[in-house]
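Okay, my_file_19.pdb now, which holds PDB, C-alpha atoms:
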```
ATOM      1  CA  MET T 334      10.300  15.968  19.505
ATOM      2  CA  THR T 335       6.899  17.526  20.007
ATOM      3  CA  THR T 336       4.931  19.692  17.650
ATOM      4  CA  ALA T 337       2.121  22.093  18.327
ATOM      5  CA  VAL T 338      -0.340  20.141  16.204
ATOM      6  CA  GLU T 339      -2.627  19.884  19.224
ATOM      7  CA  THR T 340      -3.788  23.387  18.304
ATOM      8  CA  ILE T 341      -4.876  22.254  14.844
ATOM      9  CA  GLN T 342      -8.468  21.172  14.483
ATOM     10  CA  ASP T 343      -8.451  18.157  12.198
ATOM     11  CA  THR T 344     -10.652  15.144  11.770
ATOM     12  CA  PRO T 345      -9.209  11.645  11.659
ATOM     13  CA  LEU T 346      -8.666  10.001   8.299
ATOM     14  CA  GLU T 347     -11.500   7.587   7.583
ATOM     15  CA  ILE T 348     -11.236   4.913   4.895
ATOM     16  CA  GLY T 349     -13.691   2.100   4.385
ATOM     17  CA  GLY T 350     -15.135   2.485   7.876
ATOM     18  CA  ARG T 351     -11.743   2.529   9.628
ATOM     19  CA  THR T 352     -10.272   5.645  11.191
ATOM     20  CA  PHE T 353      -6.602   6.515  11.364
ATOM     21  CA  GLN T 354      -4.836   9.313  13.212
ATOM     22  CA  SER T 355      -1.775   9.397  10.971
ATOM     23  CA  ARG T 356      -2.121  10.609   7.401
ATOM     24  CA  LEU T 357       1.189   9.061   6.439
ATOM     25  CA  MET T 358       1.227   5.467   5.216
ATOM     26  CA  VAL T 359       4.462   3.632   4.551
ATOM     27  CA  GLY T 360       5.703   0.620   2.635
ATOM     28  CA  THR T 361       7.982  -2.167   3.816
ATOM     29  CA  GLY T 362      10.045  -2.831   0.694
ATOM     30  CA  LYS T 363      13.702  -2.201  -0.114
ATOM     31  CA  TYR T 364      14.995  -1.612   3.421
ATOM     32  CA  PRO T 365      18.651  -2.443   4.025
ATOM     33  CA  ASP T 366      17.565  -4.722   6.911
ATOM     34  CA  MET T 367      14.512  -5.550   8.985
ATOM     35  CA  ASP T 368      15.687  -3.727  12.102
ATOM     36  CA  THR T 369      15.971  -0.476  10.132
ATOM     37  CA  MET T 370      12.522  -1.086   8.674
ATOM     38  CA  VAL T 371      10.953  -1.576  12.090
ATOM     39  CA  ARG T 372      12.589   1.560  13.500
ATOM     40  CA  ALA T 373      11.676   3.620  10.422
ATOM     41  CA  ILE T 374       8.022   2.592  10.598
ATOM     42  CA  GLU T 375       8.018   3.535  14.271
ATOM     43  CA  ALA T 376       9.612   6.912  13.519
ATOM     44  CA  SER T 377       7.132   7.601  10.704
ATOM     45  CA  GLY T 378       4.186   7.279  13.078
ATOM     46  CA  ALA T 379       2.312   5.451  10.310
ATOM     47  CA  GLU T 380      -0.578   3.196  11.253
ATOM     48  CA  VAL T 381      -1.158   1.817   7.770
ATOM     49  CA  VAL T 382       1.740  -0.248   6.442
ATOM     50  CA  THR T 383       1.784  -1.902   3.035
ATOM     51  CA  VAL T 384       2.989  -5.426   2.271
ATOM     52  CA  ALA T 385       3.208  -7.549  -0.870
ATOM     53  CA  VAL T 386       2.084 -11.122  -1.548
ATOM     54  CA  ARG T 387       4.794 -13.472  -2.788
ATOM     55  CA  ARG T 388       5.667 -17.146  -2.882
ATOM     56  CA  VAL T 389       7.135 -18.641   0.274
ATOM     57  CA  ASN T 390      10.769 -19.522  -0.236
ATOM     58  CA  LEU T 391      10.697 -23.319  -0.037
ATOM     59  CA  ASP T 392      14.307 -23.772   1.022
ATOM     60  CA  ARG T 393      13.645 -21.178   3.728
ATOM     61  CA  SER T 394      17.278 -20.142   3.764
ATOM     62  CA  LYS T 395      16.434 -16.640   2.613
ATOM     63  CA  GLU T 396      13.819 -14.086   3.561
ATOM     64  CA  SER T 397      10.952 -14.973   5.833
ATOM     65  CA  SER T 398       7.590 -13.313   6.166
ATOM     66  CA  VAL T 399       7.619  -9.618   6.982
ATOM     67  CA  LEU T 400       5.094 -10.479   9.696
ATOM     68  CA  HIS T 401       7.907 -11.798  11.860
ATOM     69  CA  PHE T 402       8.917  -8.187  12.294
ATOM     70  CA  LEU T 403       5.583  -6.353  12.337
ATOM     71  CA  ASP T 404       2.848  -6.606  14.942
ATOM     72  CA  PRO T 405      -0.515  -6.724  13.139
ATOM     73  CA  LYS T 406      -2.199  -5.691  16.377
ATOM     74  CA  ARG T 407      -0.360  -2.364  16.390
ATOM     75  CA  ILE T 408      -0.323  -1.591  12.692
ATOM     76  CA  PHE T 409      -2.904  -1.929   9.946
ATOM     77  CA  LEU T 410      -1.593  -4.221   7.225
ATOM     78  CA  LEU T 411      -2.514  -3.075   3.742
ATOM     79  CA  ALA T 412      -1.716  -5.759   1.180
ATOM     80  CA  ASN T 413      -0.939  -4.605  -2.337
ATOM     81  CA  THR T 414      -1.154  -6.291  -5.713
ATOM     82  CA  ALA T 415       2.209  -4.912  -6.830
ATOM     83  CA  GLY T 416       3.737  -6.674  -9.788
ATOM     84  CA  CYS T 417       0.379  -7.561 -11.354
ATOM     85  CA  TYR T 418      -0.056  -6.636 -15.005
ATOM     86  CA  THR T 419      -3.603  -7.912 -15.581
ATOM     87  CA  ALA T 420      -6.908  -7.519 -13.776
ATOM     88  CA  ALA T 421      -7.084 -11.317 -13.354
ATOM     89  CA  ASP T 422      -3.692 -11.450 -11.641
ATOM     90  CA  ALA T 423      -4.522  -8.527  -9.353
ATOM     91  CA  ILE T 424      -7.807 -10.196  -8.353
ATOM     92  CA  ARG T 425      -5.967 -13.448  -7.641
ATOM     93  CA  TYR T 426      -3.385 -11.704  -5.445
ATOM     94  CA  ALA T 427      -6.057  -9.702  -3.601
ATOM     95  CA  ARG T 428      -7.981 -12.878  -2.770
ATOM     96  CA  LEU T 429      -4.827 -14.562  -1.478
ATOM     97  CA  ALA T 430      -4.015 -11.498   0.622
ATOM     98  CA  ARG T 431      -7.458 -11.444   2.189
ATOM     99  CA  GLU T 432      -7.147 -15.111   3.047
ATOM    100  CA  ALA T 433      -4.205 -14.259   5.296
ATOM    101  CA  GLY T 434      -6.973 -13.096   7.598
ATOM    102  CA  PHE T 435      -6.094  -9.568   8.650
ATOM    103  CA  ASN T 436      -8.619  -7.378   6.841
ATOM    104  CA  ASP T 437     -10.472  -6.955   3.572
ATOM    105  CA  PHE T 438      -8.536  -3.893   2.420
ATOM    106  CA  VAL T 439      -6.364  -4.065  -0.669
ATOM    107  CA  LYS T 440      -4.126  -1.550  -2.379
ATOM    108  CA  LEU T 441      -4.995  -2.399  -5.943
ATOM    109  CA  GLU T 442      -2.262  -2.005  -8.524
ATOM    110  CA  VAL T 443      -2.588  -3.099 -12.132
ATOM    111  CA  ILE T 444       0.567  -2.031 -13.897
ATOM    112  CA  GLY T 445       0.481  -1.251 -17.599
ATOM    113  CA  ASP T 446       4.068  -0.449 -18.487
ATOM    114  CA  GLU T 447       7.313  -1.918 -17.199
ATOM    115  CA  GLU T 448       9.495   1.128 -17.647
ATOM    116  CA  THR T 449       7.266   3.702 -15.969
ATOM    117  CA  LEU T 450       5.156   1.342 -13.831
ATOM    118  CA  LEU T 451       2.207   3.525 -14.779
ATOM    119  CA  PRO T 452      -1.182   1.929 -14.141
ATOM    120  CA  ASP T 453      -3.288   0.139 -16.741
ATOM    121  CA  VAL T 454      -6.460   2.064 -15.997
ATOM    122  CA  ALA T 455      -8.740  -0.267 -17.984
ATOM    123  CA  GLY T 456      -7.462  -3.285 -16.052
ATOM    124  CA  LEU T 457      -7.599  -1.305 -12.825
ATOM    125  CA  LEU T 458     -11.285  -0.446 -13.265
ATOM    126  CA  GLU T 459     -12.116  -4.012 -14.235
ATOM    127  CA  ALA T 460     -10.362  -5.450 -11.170
ATOM    128  CA  ALA T 461     -11.810  -2.758  -8.875
ATOM    129  CA  LYS T 462     -15.372  -3.621  -9.897
ATOM    130  CA  VAL T 463     -14.868  -7.347  -9.240
ATOM    131  CA  LEU T 464     -13.142  -6.827  -5.896
ATOM    132  CA  VAL T 465     -15.701  -4.289  -4.642
ATOM    133  CA  GLN T 466     -18.392  -6.820  -5.557
ATOM    134  CA  GLU T 467     -16.549  -9.403  -3.459
ATOM    135  CA  GLY T 468     -16.595  -7.094  -0.448
ATOM    136  CA  PHE T 469     -13.061  -5.753  -0.629
ATOM    137  CA  LYS T 470     -12.242  -2.220   0.485
ATOM    138  CA  VAL T 471     -10.305  -1.172  -2.578
ATOM    139  CA  LEU T 472      -7.666   1.568  -2.481
ATOM    140  CA  ALA T 473      -6.847   2.043  -6.133
ATOM    141  CA  TYR T 474      -3.403   3.148  -7.255
ATOM    142  CA  THR T 475      -3.963   5.301 -10.344
ATOM    143  CA  ASN T 476      -2.522   8.153 -12.364
ATOM    144  CA  GLU T 477      -3.531  11.813 -12.042
ATOM    145  CA  ASP T 478      -6.394  11.522 -14.507
ATOM    146  CA  LEU T 479      -9.622  12.949 -13.080
ATOM    147  CA  VAL T 480     -11.967  10.839 -15.191
ATOM    148  CA  THR T 481     -10.287   7.585 -14.143
ATOM    149  CA  ALA T 482     -10.471   8.720 -10.525
ATOM    150  CA  LEU T 483     -14.201   9.447 -10.907
ATOM    151  CA  ARG T 484     -14.803   6.023 -12.480
ATOM    152  CA  LEU T 485     -12.917   4.330  -9.645
ATOM    153  CA  GLU T 486     -15.093   6.148  -7.135
ATOM    154  CA  ASP T 487     -18.204   5.143  -9.087
ATOM    155  CA  ALA T 488     -16.967   1.548  -9.010
ATOM    156  CA  GLY T 489     -17.094   1.694  -5.221
ATOM    157  CA  CYS T 490     -13.440   2.125  -4.307
ATOM    158  CA  ALA T 491     -12.869   3.084  -0.671
ATOM    159  CA  ALA T 492     -10.058   5.461  -1.643
ATOM    160  CA  VAL T 493      -8.371   6.642  -4.804
ATOM    161  CA  MET T 494      -4.597   6.899  -4.886
ATOM    162  CA  PRO T 495      -3.206   9.122  -7.620
ATOM    163  CA  LEU T 496       0.544   9.118  -8.029
ATOM    164  CA  ALA T 497       2.776  12.117  -7.347
ATOM    165  CA  SER T 498       5.242  10.767  -9.944
ATOM    166  CA  PRO T 499       6.289   7.259 -11.042
ATOM    167  CA  ILE T 500       6.873   4.591  -8.374
ATOM    168  CA  GLY T 501      10.351   4.804  -6.897
ATOM    169  CA  SER T 502      11.280   7.879  -8.969
ATOM    170  CA  GLY T 503      11.553  10.375  -6.128
ATOM    171  CA  LEU T 504      10.558  13.160  -8.520
ATOM    172  CA  GLY T 505       7.965  14.613  -6.150
ATOM    173  CA  LEU T 506       4.545  15.998  -6.994
ATOM    174  CA  LEU T 507       4.671  16.682 -10.734
ATOM    175  CA  ASN T 508       1.067  17.669 -11.243
ATOM    176  CA  PRO T 509      -0.376  19.489  -8.235
ATOM    177  CA  PHE T 510      -3.195  20.936 -10.328
ATOM    178  CA  SER T 511      -4.525  17.497 -11.332
ATOM    179  CA  VAL T 512      -4.213  16.119  -7.819
ATOM    180  CA  ARG T 513      -6.106  19.145  -6.451
ATOM    181  CA  THR T 514      -8.789  18.661  -9.068
ATOM    182  CA  ILE T 515      -9.193  14.996  -8.127
ATOM    183  CA  LYS T 516      -9.415  15.926  -4.465
ATOM    184  CA  ARG T 517     -12.001  18.595  -5.170
ATOM    185  CA  ARG T 518     -14.229  16.303  -7.198
ATOM    186  CA  LEU T 519     -14.114  13.049  -5.245
ATOM    187  CA  HIS T 520     -16.024  12.203  -2.110
ATOM    188  CA  VAL T 521     -13.889   9.226  -1.083
ATOM    189  CA  PRO T 522     -10.461   9.878   0.446
ATOM    190  CA  VAL T 523      -7.645  10.770  -1.933
ATOM    191  CA  ILE T 524      -4.282   9.377  -0.881
ATOM    192  CA  VAL T 525      -1.290  10.344  -3.001
ATOM    193  CA  ASP T 526       0.799   7.231  -3.576
ATOM    194  CA  ALA T 527       4.272   7.016  -5.064
ATOM    195  CA  GLY T 528       6.909   9.423  -6.279
ATOM    196  CA  VAL T 529       7.747  11.383  -3.158
ATOM    197  CA  GLY T 530      11.516  11.889  -2.808
ATOM    198  CA  THR T 531      12.067  13.981   0.275
ATOM    199  CA  ALA T 532      10.224  15.786   3.053
ATOM    200  CA  SER T 533       9.380  18.921   1.048
ATOM    201  CA  ASP T 534       7.608  16.706  -1.519
ATOM    202  CA  ALA T 535       5.438  15.228   1.228
ATOM    203  CA  CYS T 536       4.701  18.680   2.589
ATOM    204  CA  VAL T 537       3.753  20.174  -0.795
ATOM    205  CA  THR T 538       1.595  17.125  -1.517
ATOM    206  CA  MET T 539      -0.321  17.457   1.749
ATOM    207  CA  GLU T 540      -0.716  21.212   1.135
ATOM    208  CA  GLN T 541      -2.901  20.325  -1.861
ATOM    209  CA  GLY T 542      -5.543  19.178   0.606
ATOM    210  CA  VAL T 543      -5.352  15.464  -0.087
ATOM    211  CA  ASP T 544      -6.324  13.140   2.735
ATOM    212  CA  GLY T 545      -3.055  11.291   3.043
ATOM    213  CA  ILE T 546       0.141  10.140   1.444
ATOM    214  CA  LEU T 547       1.795   6.758   0.958
ATOM    215  CA  MET T 548       5.496   6.286   0.383
ATOM    216  CA  ASN T 549       8.120   3.557   0.485
ATOM    217  CA  THR T 550      11.341   4.234  -1.400
ATOM    218  CA  ALA T 551      11.743   7.818  -0.159
ATOM    219  CA  ILE T 552      12.227   6.423   3.325
ATOM    220  CA  ALA T 553      13.761   3.012   2.607
ATOM    221  CA  ALA T 554      16.362   4.328   0.154
ATOM    222  CA  ALA T 555      17.393   7.377   2.193
ATOM    223  CA  GLN T 556      20.921   7.388   3.612
ATOM    224  CA  ASP T 557      19.346   7.213   7.069
ATOM    225  CA  PRO T 558      15.859   5.720   6.702
ATOM    226  CA  VAL T 559      14.903   6.230  10.346
ATOM    227  CA  ALA T 560      15.783   9.940  10.255
ATOM    228  CA  MET T 561      13.959  10.340   6.933
ATOM    229  CA  ALA T 562      10.899   8.608   8.370
ATOM    230  CA  GLN T 563      10.867  11.180  11.154
ATOM    231  CA  ALA T 564      11.234  13.986   8.586
ATOM    232  CA  MET T 565       8.341  12.564   6.582
ATOM    233  CA  ARG T 566       6.161  12.370   9.669
ATOM    234  CA  LEU T 567       6.798  16.047  10.412
ATOM    235  CA  ALA T 568       6.419  17.107   6.771
ATOM    236  CA  THR T 569       3.089  15.311   6.463
ATOM    237  CA  ILE T 570       1.836  17.019   9.612
ATOM    238  CA  ALA T 571       3.217  20.400   8.451
ATOM    239  CA  GLY T 572       1.641  20.126   5.008
ATOM    240  CA  ARG T 573      -1.696  19.126   6.455
ATOM    241  CA  ALA T 574      -1.530  21.959   9.007
ATOM    242  CA  ALA T 575      -0.682  24.489   6.299
ATOM    243  CA  TYR T 576      -3.582  23.286   4.190
ATOM    244  CA  LEU T 577      -5.986  23.599   7.116
ATOM    245  CA  ALA T 578      -4.556  27.000   8.018
ATOM    246  CA  GLY T 579      -5.224  28.299   4.503
ATOM    247  CA  ARG T 580      -2.319  29.882   2.734
ATOM    248  CA  MET T 581      -2.153  33.606   1.826
ATOM    249  CA  PRO T 582      -3.025  34.573  -1.728
ATOM    250  CA  ARG T 583      -0.169  34.674  -4.220
ATOM    251  CA  ARG T 584       0.745  38.152  -5.462
ATOM    252  CA  GLU T 585       2.750  39.111  -8.517
ATOM    253  CA  VAL T 586       4.181  42.203  -6.786
ATOM    254  CA  ALA T 587       5.677  42.849  -3.368
ATOM    255  CA  MET T 588       3.782  44.230  -0.410
ATOM    256  CA  PRO T 589       5.825  45.568   2.521
ATOM    257  CA  SER T 590       5.484  43.811   5.830
ATOM    258  CA  SER T 591       6.519  46.885   7.816
ATOM    259  CA  PRO T 592       4.579  50.177   8.019
ATOM    260  CA  THR T 593       5.257  52.588   5.134
ATOM    261  CA  ARG T 594       4.269  55.521   7.366
ATOM    262  CA  GLY T 595       6.369  56.896  10.202
ATOM    263  CA  MET T 596       9.579  56.876   8.206
ATOM    264  CA  LEU T 597      12.190  59.556   9.052
ATOM    265  CA  ASP T 598      12.533  62.608   6.771
TER     266      ASP T 598
ATOM    267  CA  MET S 114       3.989 -38.742  -6.564
ATOM    268  CA  ASP S 115       5.026 -35.539  -8.277
ATOM    269  CA  VAL S 116       3.364 -32.143  -7.650
ATOM    270  CA  VAL S 117       4.378 -28.594  -8.511
ATOM    271  CA  ILE S 118       4.795 -26.342  -5.491
ATOM    272  CA  ASN S 119       5.617 -22.685  -6.135
ATOM    273  CA  GLY S 120       6.798 -23.658  -9.588
ATOM    274  CA  GLU S 121       9.133 -26.420  -8.353
ATOM    275  CA  HIS S 122       8.597 -30.152  -8.839
ATOM    276  CA  LYS S 123       8.331 -31.881  -5.467
ATOM    277  CA  ARG S 124       7.754 -35.484  -4.375
ATOM    278  CA  VAL S 125       4.944 -36.017  -1.903
ATOM    279  CA  THR S 126       3.416 -39.162  -0.387
ATOM    280  CA  PRO S 127       0.390 -40.412  -2.367
ATOM    281  CA  GLY S 128      -2.814 -39.548  -0.527
ATOM    282  CA  ALA S 129      -1.193 -36.667   1.330
ATOM    283  CA  SER S 130      -3.387 -33.774   2.429
ATOM    284  CA  LEU S 131      -2.345 -30.145   1.956
ATOM    285  CA  LEU S 132      -1.626 -30.055   5.677
ATOM    286  CA  ASP S 133       0.731 -33.033   5.218
ATOM    287  CA  VAL S 134       2.465 -31.184   2.389
ATOM    288  CA  LEU S 135       2.998 -28.122   4.603
ATOM    289  CA  SER S 136       4.288 -30.328   7.374
ATOM    290  CA  GLN S 137       6.719 -32.043   4.974
ATOM    291  CA  LEU S 138       8.006 -28.587   3.994
ATOM    292  CA  GLU S 139       8.185 -27.553   7.668
ATOM    293  CA  LEU S 140       5.816 -24.648   7.049
ATOM    294  CA  ASP S 141       3.433 -23.300   9.678
ATOM    295  CA  PRO S 142      -0.113 -23.463   8.223
ATOM    296  CA  ARG S 143      -0.962 -20.246  10.091
ATOM    297  CA  ALA S 144       1.823 -18.396   8.292
ATOM    298  CA  VAL S 145       0.945 -19.242   4.684
ATOM    299  CA  VAL S 146      -2.011 -19.019   2.342
ATOM    300  CA  VAL S 147      -2.546 -22.077   0.166
ATOM    301  CA  GLU S 148      -3.801 -22.095  -3.386
ATOM    302  CA  HIS S 149      -4.502 -25.574  -4.802
ATOM    303  CA  ASN S 150      -5.032 -25.794  -8.570
ATOM    304  CA  ARG S 151      -5.911 -22.076  -8.608
ATOM    305  CA  ARG S 152      -8.440 -22.437  -5.793
ATOM    306  CA  ILE S 153      -7.785 -20.985  -2.346
ATOM    307  CA  VAL S 154      -8.054 -23.587   0.395
ATOM    308  CA  ARG S 155      -8.958 -22.161   3.780
ATOM    309  CA  ARG S 156      -7.032 -23.275   6.825
ATOM    310  CA  PRO S 157      -9.737 -25.544   8.335
ATOM    311  CA  ALA S 158      -9.922 -27.482   5.044
ATOM    312  CA  LEU S 159      -6.169 -28.056   4.642
ATOM    313  CA  GLY S 160      -6.353 -31.412   6.441
ATOM    314  CA  VAL S 161      -9.161 -32.769   4.281
ATOM    315  CA  VAL S 162      -8.078 -31.679   0.791
ATOM    316  CA  THR S 163      -5.788 -34.329  -0.685
ATOM    317  CA  VAL S 164      -3.334 -33.740  -3.485
ATOM    318  CA  ASN S 165      -3.083 -35.662  -6.735
ATOM    319  CA  GLU S 166      -0.300 -36.293  -9.214
ATOM    320  CA  GLY S 167       0.578 -33.116 -11.131
ATOM    321  CA  ASP S 168      -1.389 -30.737  -8.895
ATOM    322  CA  ALA S 169      -0.253 -27.120  -8.781
ATOM    323  CA  ILE S 170       0.128 -25.713  -5.295
ATOM    324  CA  GLU S 171       1.033 -22.120  -4.470
ATOM    325  CA  LEU S 172       2.132 -21.179  -0.975
ATOM    326  CA  VAL S 173       2.284 -17.445  -0.359
ATOM    327  CA  HIS S 174       2.886 -15.028   2.461
ATOM    328  CA  PHE S 175       3.470 -11.316   3.025
ATOM    329  CA  VAL S 176       6.839  -9.815   2.172
ATOM    330  CA  GLY S 177       8.094  -6.246   2.173
ATOM    331  CA  GLY S 178       6.455  -4.061  -0.456
ATOM    332  CA  GLY S 179       5.214  -0.572  -1.190
TER     333      GLY S 179
END
```
The structure given in the file should be rewritten as structure tokens.
Amino acid sequence: MTTAVETIQDTPLEIGGRTFQSRLMVGTGKYPDMDTMVRAIEASGAEVVTVAVRRVNLDRSKESSVLHFLDPKRIFLLANTAGCYTAADAIRYARLAREAGFNDFVKLEVIGDEETLLPDVAGLLEAAKVLVQEGFKVLAYTNEDLVTALRLEDAGCAAVMPLASPIGSGLGLLNPFSVRTIKRRLHVPVIVDAGVGTASDACVTMEQGVDGILMNTAIAAAQDPVAMAQAMRLATIAGRAAYLAGRMPRREVAMPSSPTRGMLD
Amino acid sequence: MDVVINGEHKRVTPGASLLDVLSQLELDPRAVVVEHNRRIVRRPALGVVTVNEGDAIELVHFVGGG
């Protein structure tokens, strides 16, 4: 399927000195099988793909590295610190991830609450400062709080990633106003991460003017992940295009689209 | 000699290097990152760092995640 996006004047997404053509980033968790994951990533058109750091299974009878299925030459691996509840743990995981030797980018997560998986912003800022100091390009997963986002930018984060709604919830963009505010005030890229449920959520999110969007469950847990990945690719492009096009003003009353003059007596 | 690898007690030959440990576990050193007593050991050093009784070794890699 082709789209007429060639007519849209857009600049590439630039984060930490790297440029990307796709504004959609995808995760690699929770897929029914690796073949579906590979085909979904392909269909999404994403260049940035997130992975997690975990212990190798010593009996090796179960899962093997996700790298057996992904080509790091074709995609940009973005390691996360998912599952970390303290700054110290997140720093430890980030260092291990960097040692794998692909890049010095990290999607920094410091979780503060098990039920909501909302970030611990104090721990997040603490870890961000240390990792930036160590030369990491930090993409910080945070909530929709402007002040936290500003502090993360001040700390030297390469991108700030406010959530649309809680991780894996599929509730969509709950607070467009706050996300717009963050986008307006920050200079570094703003990538909305987590909470998207379906294509319209991705589209509405991109219409806020944010630089990109990251999702995992919305694709992986769809009935047909490959088809949903394609839908998300199109929705991300559509939302971005609509933002660049500039929407019409909202009106509280109707205005006819057809001429009011020239009507028959 | 007893060491703890990824939280499990394992027997390794006394005087073994980290590279020997990986080899014993049939793991490709290029496919894992090694943390030895909380300190990351880079690949070129795996053959020279030896393990001692009770050492904690973590072997990690990338898995699917969001």
Evaluate the PyMOL selection byres ((chain S) within 8 of (chain T)) and report residues as a short mmCIF file (atom, residue, chain, number, x, y, z; two decimals) with C-alpha atoms, in the frame of the given file:
```
data_model
loop_
_atom_site.label_atom_id
_atom_site.label_comp_id
_atom_site.auth_asym_id
_atom_site.auth_seq_id
_atom_site.Cartn_x
_atom_site.Cartn_y
_atom_site.Cartn_z
CA ASN S 119 5.62 -22.68 -6.14
CA LEU S 138 8.01 -28.59 3.99
CA ALA S 144 1.82 -18.40 8.29
CA VAL S 145 0.94 -19.24 4.68
CA VAL S 146 -2.01 -19.02 2.34
CA GLU S 148 -3.80 -22.10 -3.39
CA ILE S 153 -7.78 -20.98 -2.35
CA ARG S 155 -8.96 -22.16 3.78
CA GLU S 171 1.03 -22.12 -4.47
CA LEU S 172 2.13 -21.18 -0.98
CA VAL S 173 2.28 -17.44 -0.36
CA HIS S 174 2.89 -15.03 2.46
CA PHE S 175 3.47 -11.32 3.02
CA VAL S 176 6.84 -9.82 2.17
CA GLY S 177 8.09 -6.25 2.17
CA GLY S 178 6.46 -4.06 -0.46
CA GLY S 179 5.21 -0.57 -1.19
#
```
Q: Give me the residues within 12 Å of Ala460 of chain T as an MDAnalysis selection string, counting all atoms listed in the file and dropping any in the same chain fewer than 5 places off.
A: chainID T and resid 414 417:428 439:444 453:455 465:467 469 471:474 485 488:490
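Atom pair atom CA of Thr475 of chain T / atom CA of Pro495 of chain T has a distance of 4.8 Å (rounded to one decimal).
Comparing the minimum interatomic distances between Leu346 of chain T and each of T:Val521, T:Met588, T:Leu577, T:Glu477, counting all atoms listed in the file, we find that T:Val521 sits nearest.
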Q.
Report as a PyMOL selection string all protein, DNA and RNA residues lying within 12 Å of Asp534 of chain T, evaluated on all atoms listed in the file, omitting residues in the same chain fewer than 3 positions from it.
A. chain T and resi 497-498+503-509+525-531+537-541+546-548+551+564-565+567-569+571-572
Filtering to N, CA, C and O atoms, could segment 126-138 of chain S of the supplied structure be written out as a short mmCIF file (atom, residue, chain, number, x, y, z; two decimals), in the first residue's frame?
```cif
data_model
loop_
_atom_site.label_atom_id
_atom_site.label_comp_id
_atom_site.auth_asym_id
_atom_site.auth_seq_id
_atom_site.Cartn_x
_atom_site.Cartn_y
_atom_site.Cartn_z
N THR S 126 35.46 -25.69 37.69
CA THR S 126 36.83 -26.15 37.98
C THR S 126 37.59 -25.03 38.70
O THR S 126 37.55 -23.89 38.24
N PRO S 127 38.31 -25.34 39.79
CA PRO S 127 39.11 -24.31 40.44
C PRO S 127 40.10 -23.70 39.44
O PRO S 127 40.68 -24.42 38.63
N GLY S 128 40.24 -22.39 39.51
CA GLY S 128 41.17 -21.70 38.60
C GLY S 128 40.57 -21.37 37.25
O GLY S 128 41.25 -20.83 36.37
N ALA S 129 39.29 -21.70 37.07
CA ALA S 129 38.65 -21.43 35.78
C ALA S 129 38.51 -19.93 35.52
O ALA S 129 38.29 -19.15 36.46
N SER S 130 38.66 -19.54 34.26
CA SER S 130 38.42 -18.15 33.88
C SER S 130 36.93 -18.01 33.56
O SER S 130 36.20 -19.00 33.42
N LEU S 131 36.49 -16.77 33.39
CA LEU S 131 35.08 -16.54 33.02
C LEU S 131 34.79 -17.16 31.64
O LEU S 131 33.70 -17.67 31.40
N LEU S 132 35.80 -17.11 30.78
CA LEU S 132 35.64 -17.72 29.46
C LEU S 132 35.44 -19.23 29.58
O LEU S 132 34.61 -19.82 28.88
N ASP S 133 36.18 -19.85 30.51
CA ASP S 133 36.01 -21.29 30.77
C ASP S 133 34.59 -21.58 31.27
O ASP S 133 33.99 -22.59 30.90
N VAL S 134 34.11 -20.70 32.14
CA VAL S 134 32.76 -20.89 32.69
C VAL S 134 31.72 -20.84 31.56
O VAL S 134 30.82 -21.68 31.48
N LEU S 135 31.86 -19.87 30.67
CA LEU S 135 30.94 -19.75 29.53
C LEU S 135 31.01 -21.00 28.65
O LEU S 135 29.99 -21.52 28.21
N SER S 136 32.22 -21.45 28.44
CA SER S 136 32.43 -22.64 27.62
C SER S 136 31.78 -23.87 28.25
O SER S 136 31.13 -24.66 27.57
N GLN S 137 31.93 -23.98 29.58
CA GLN S 137 31.30 -25.10 30.31
C GLN S 137 29.78 -25.07 30.18
O GLN S 137 29.12 -26.09 30.12
N LEU S 138 29.23 -23.85 30.10
CA LEU S 138 27.78 -23.69 29.97
C LEU S 138 27.32 -23.69 28.51
O LEU S 138 26.14 -23.50 28.22
#
```
